[in-house]
Structures are given as structure tokens and as C-alpha cells.
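Engineer: Please see the structure below; I have some questions.
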Amino acid sequence: MPFFNDEPWYDGVYLQPDKARDFVAQLTLRTQTVLASEDSIVSKHNEYTLYIISLLLWATAHRPVRDPFADERMLSGQLGLALICDKVVDEDRAFRLAPLCLLAQEQIAYYRDHLQSIVNKWHKGNPQE
């Protein structure tokens with residue numbers, strides 16, 4: 001799925017809103033396609049995780065790093081904030097707070113429900129459902 005092409009995504013320093021909407025729409029379609037497929041639960045989980053991470057990267061303007069959201073405690077849907085460490089110049093100022101839009105807050109809640117359902121299925125002995 002081509003998320004990026006030769007068309008500019010930015011107008012000066014501002015992201016073009018239609019490009020952001022297209023990105024989310026393409027990402028959503030890809031994720032829905034995999035989730036509706038006969039792929040394994042592992043493939044479905046990995047695709048959903050990619051969706052969540054991609055959405056959160058965009059929603060928080062997170063810079064590319066190796067492990068962007070290493071600890072789920074860095075995301076608070078209740079407070080509407082994410083604690084981000086993506087530009088360490090000074091160790092005393094390694095983190096910054098980023099607001100989470102309503103969509104990001106909802107997706108974090110859905111993803112946590114998804115993780116809990118996997119744990120529940122695993123304990124019941126049927127993780128492939």
C-alpha cells in the first residue's frame with residue numbers, strides 16, 4: 001500500500017489536511033482487510049498494532065525512533081496526554097508531553113481492550129480464535 005508518493009504532504013511546514021485524511025483512510029482500509037481475512041491471529045494482531053502505532057505517531061507528531069511507545073503507561077487516554085521521548089539533546093529534558101486527540105484516545109482504549117481479549121483467550125486455551 002503506497003502511503004507516500006511524489007505529491008508533497010506539506011505546505012511549508014504545515015501538513016495538508018487532505019493528505020492526513022487519506023493516510024488514515026488507507027491505513028484503516030488495510031487494517032480492516034487483514035482483520036477480515038483468514039490470516040492467523042498473530043498476523044491480525046501485528047497489523048492492528050501497526051495501525052495503532054502509525055496513528056499515534058501521526059496524532060502526536062512523534063519523531064521516528066526505534067521504540068516510540070515503549071511503555072503503555074506513557075499514554076493516558078483519561079488525561080488526553082502522551083509522554084514522548086523522541087529528541088534527546090539534554091537528559092534533563094528528554095521527555096515532552098503531547099496532547100492526544102479524541103480519535104487517539106479512543107484507539108488507545110480499543111487497543112487495550114484488544115490486548116486484554118488476547119490474554120483472556122490465551123488463558124482459556126484458545127488463543128487462535
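Here, A, B, ... name the chains of the C-alpha cells in the order displayed, residue numbers run from 1 inside each chain, and ligands are numbered from 1 in the same displayed order.
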Please extract the residues of chain A with a backbone DSSP assignment of alpha helix (DSSP H) and present them as a ChimeraX atom specification.
Structural biologist: /A:17-35,41-60,102-124
Engineer: Selection from above, C-alpha atoms, as a compact mmCIF listing (two decimals), in the first residue's frame, can you write it?
Structural biologist:
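Generated output (result.txt):
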# COMPACT_ATOMS: atom_id res chain seq x y z
CA PRO A 17 -5.31 18.06 5.95
CA ASP A 18 -6.46 16.07 2.93
CA LYS A 19 -3.18 14.12 2.95
CA ALA A 20 -3.63 13.27 6.63
CA ARG A 21 -7.20 12.08 5.98
CA ASP A 22 -6.00 9.98 3.01
CA PHE A 23 -3.27 8.41 5.13
CA VAL A 24 -5.68 7.44 7.90
CA ALA A 25 -8.23 6.14 5.36
CA GLN A 26 -5.61 3.98 3.61
CA LEU A 27 -4.26 2.70 6.91
CA THR A 28 -7.78 1.89 8.13
CA LEU A 29 -8.69 0.08 4.91
CA ARG A 30 -5.53 -2.01 5.02
CA THR A 31 -6.13 -2.95 8.65
CA GLN A 32 -9.79 -3.82 8.04
CA THR A 33 -8.79 -6.01 5.09
CA VAL A 34 -6.31 -8.01 7.16
CA LEU A 35 -8.65 -8.31 10.13
CA ILE A 41 -4.34 -14.19 14.98
CA VAL A 42 -0.65 -13.22 15.06
CA SER A 43 -0.88 -11.55 11.63
CA LYS A 44 -4.06 -9.77 12.62
CA HIS A 45 -2.56 -8.58 15.91
CA ASN A 46 0.59 -7.34 14.15
CA GLU A 47 -1.45 -5.42 11.59
CA TYR A 48 -3.62 -3.86 14.27
CA THR A 49 -0.51 -2.90 16.24
CA LEU A 50 0.97 -1.27 13.12
CA TYR A 51 -2.28 0.67 12.70
CA ILE A 52 -2.24 1.90 16.30
CA ILE A 53 1.44 2.87 16.27
CA SER A 54 1.09 4.66 12.93
CA LEU A 55 -1.98 6.54 14.10
CA LEU A 56 -0.29 7.57 17.35
CA LEU A 57 2.86 8.69 15.57
CA TRP A 58 0.77 10.99 13.40
CA ALA A 59 -1.52 12.13 16.18
CA THR A 60 1.38 13.14 18.44
CA LEU A 102 -10.15 12.21 20.79
CA LEU A 103 -9.53 9.68 17.99
CA ALA A 104 -6.17 8.71 19.51
CA GLN A 105 -7.71 8.40 22.98
CA GLU A 106 -10.45 6.12 21.63
CA GLN A 107 -7.98 3.97 19.70
CA ILE A 108 -5.78 3.53 22.77
CA ALA A 109 -8.82 2.27 24.71
CA TYR A 110 -9.77 -0.13 21.89
CA TYR A 111 -6.21 -1.41 21.66
CA ARG A 112 -6.04 -2.05 25.40
CA ASP A 113 -9.33 -3.98 25.12
CA HIS A 114 -7.80 -5.95 22.24
CA LEU A 115 -4.75 -6.86 24.33
CA GLN A 116 -6.94 -7.94 27.23
CA SER A 117 -9.03 -10.14 24.91
CA ILE A 118 -5.87 -11.88 23.69
CA VAL A 119 -4.82 -12.53 27.30
CA ASN A 120 -8.30 -13.88 28.11
CA LYS A 121 -8.29 -16.19 25.07
CA TRP A 122 -4.82 -17.40 25.97
CA HIS A 123 -5.91 -18.29 29.49
CA LYS A 124 -8.93 -20.15 28.12
Engineer: Give me the residues within 9 Å of Leu79 in chain A as a PDB file with N, CA and C atoms, in the first residue's frame, counting only C-alpha atoms and dropping any in the same chain fewer than 4 places off.
Structural biologist:
ATOM      1  N   LEU A  75       1.034   6.589  27.778  1.00  0.00           N
ATOM      2  CA  LEU A  75      -0.165   7.038  27.062  1.00  0.00           C
ATOM      3  C   LEU A  75      -1.336   7.084  28.039  1.00  0.00           C
ATOM      4  N   PRO A  99      -0.454  16.389  23.455  1.00  0.00           N
ATOM      5  CA  PRO A  99      -1.889  16.137  23.628  1.00  0.00           C
ATOM      6  C   PRO A  99      -2.353  15.023  22.697  1.00  0.00           C
ATOM      7  N   LEU A 100      -3.321  14.268  23.151  1.00  0.00           N
ATOM      8  CA  LEU A 100      -3.922  13.212  22.338  1.00  0.00           C
ATOM      9  C   LEU A 100      -5.308  13.659  21.897  1.00  0.00           C
TER      10      LEU A 100
END
Engineer: Got a sec: who's within 8 Å of Cys85 in chain A, counting only C-alpha atoms, leaving out chain neighbours fewer than 5 positions off, as a ChimeraX atom specification?
Structural biologist: /A:68,94-96
Engineer: Quick one, how far is CA of Arg66 in chain A from CA of Lys87 in chain A?
Structural biologist: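 If I compute the distance from CA of Arg66 in chain A to CA of Lys87 in chain A, I get 11.8 Å.
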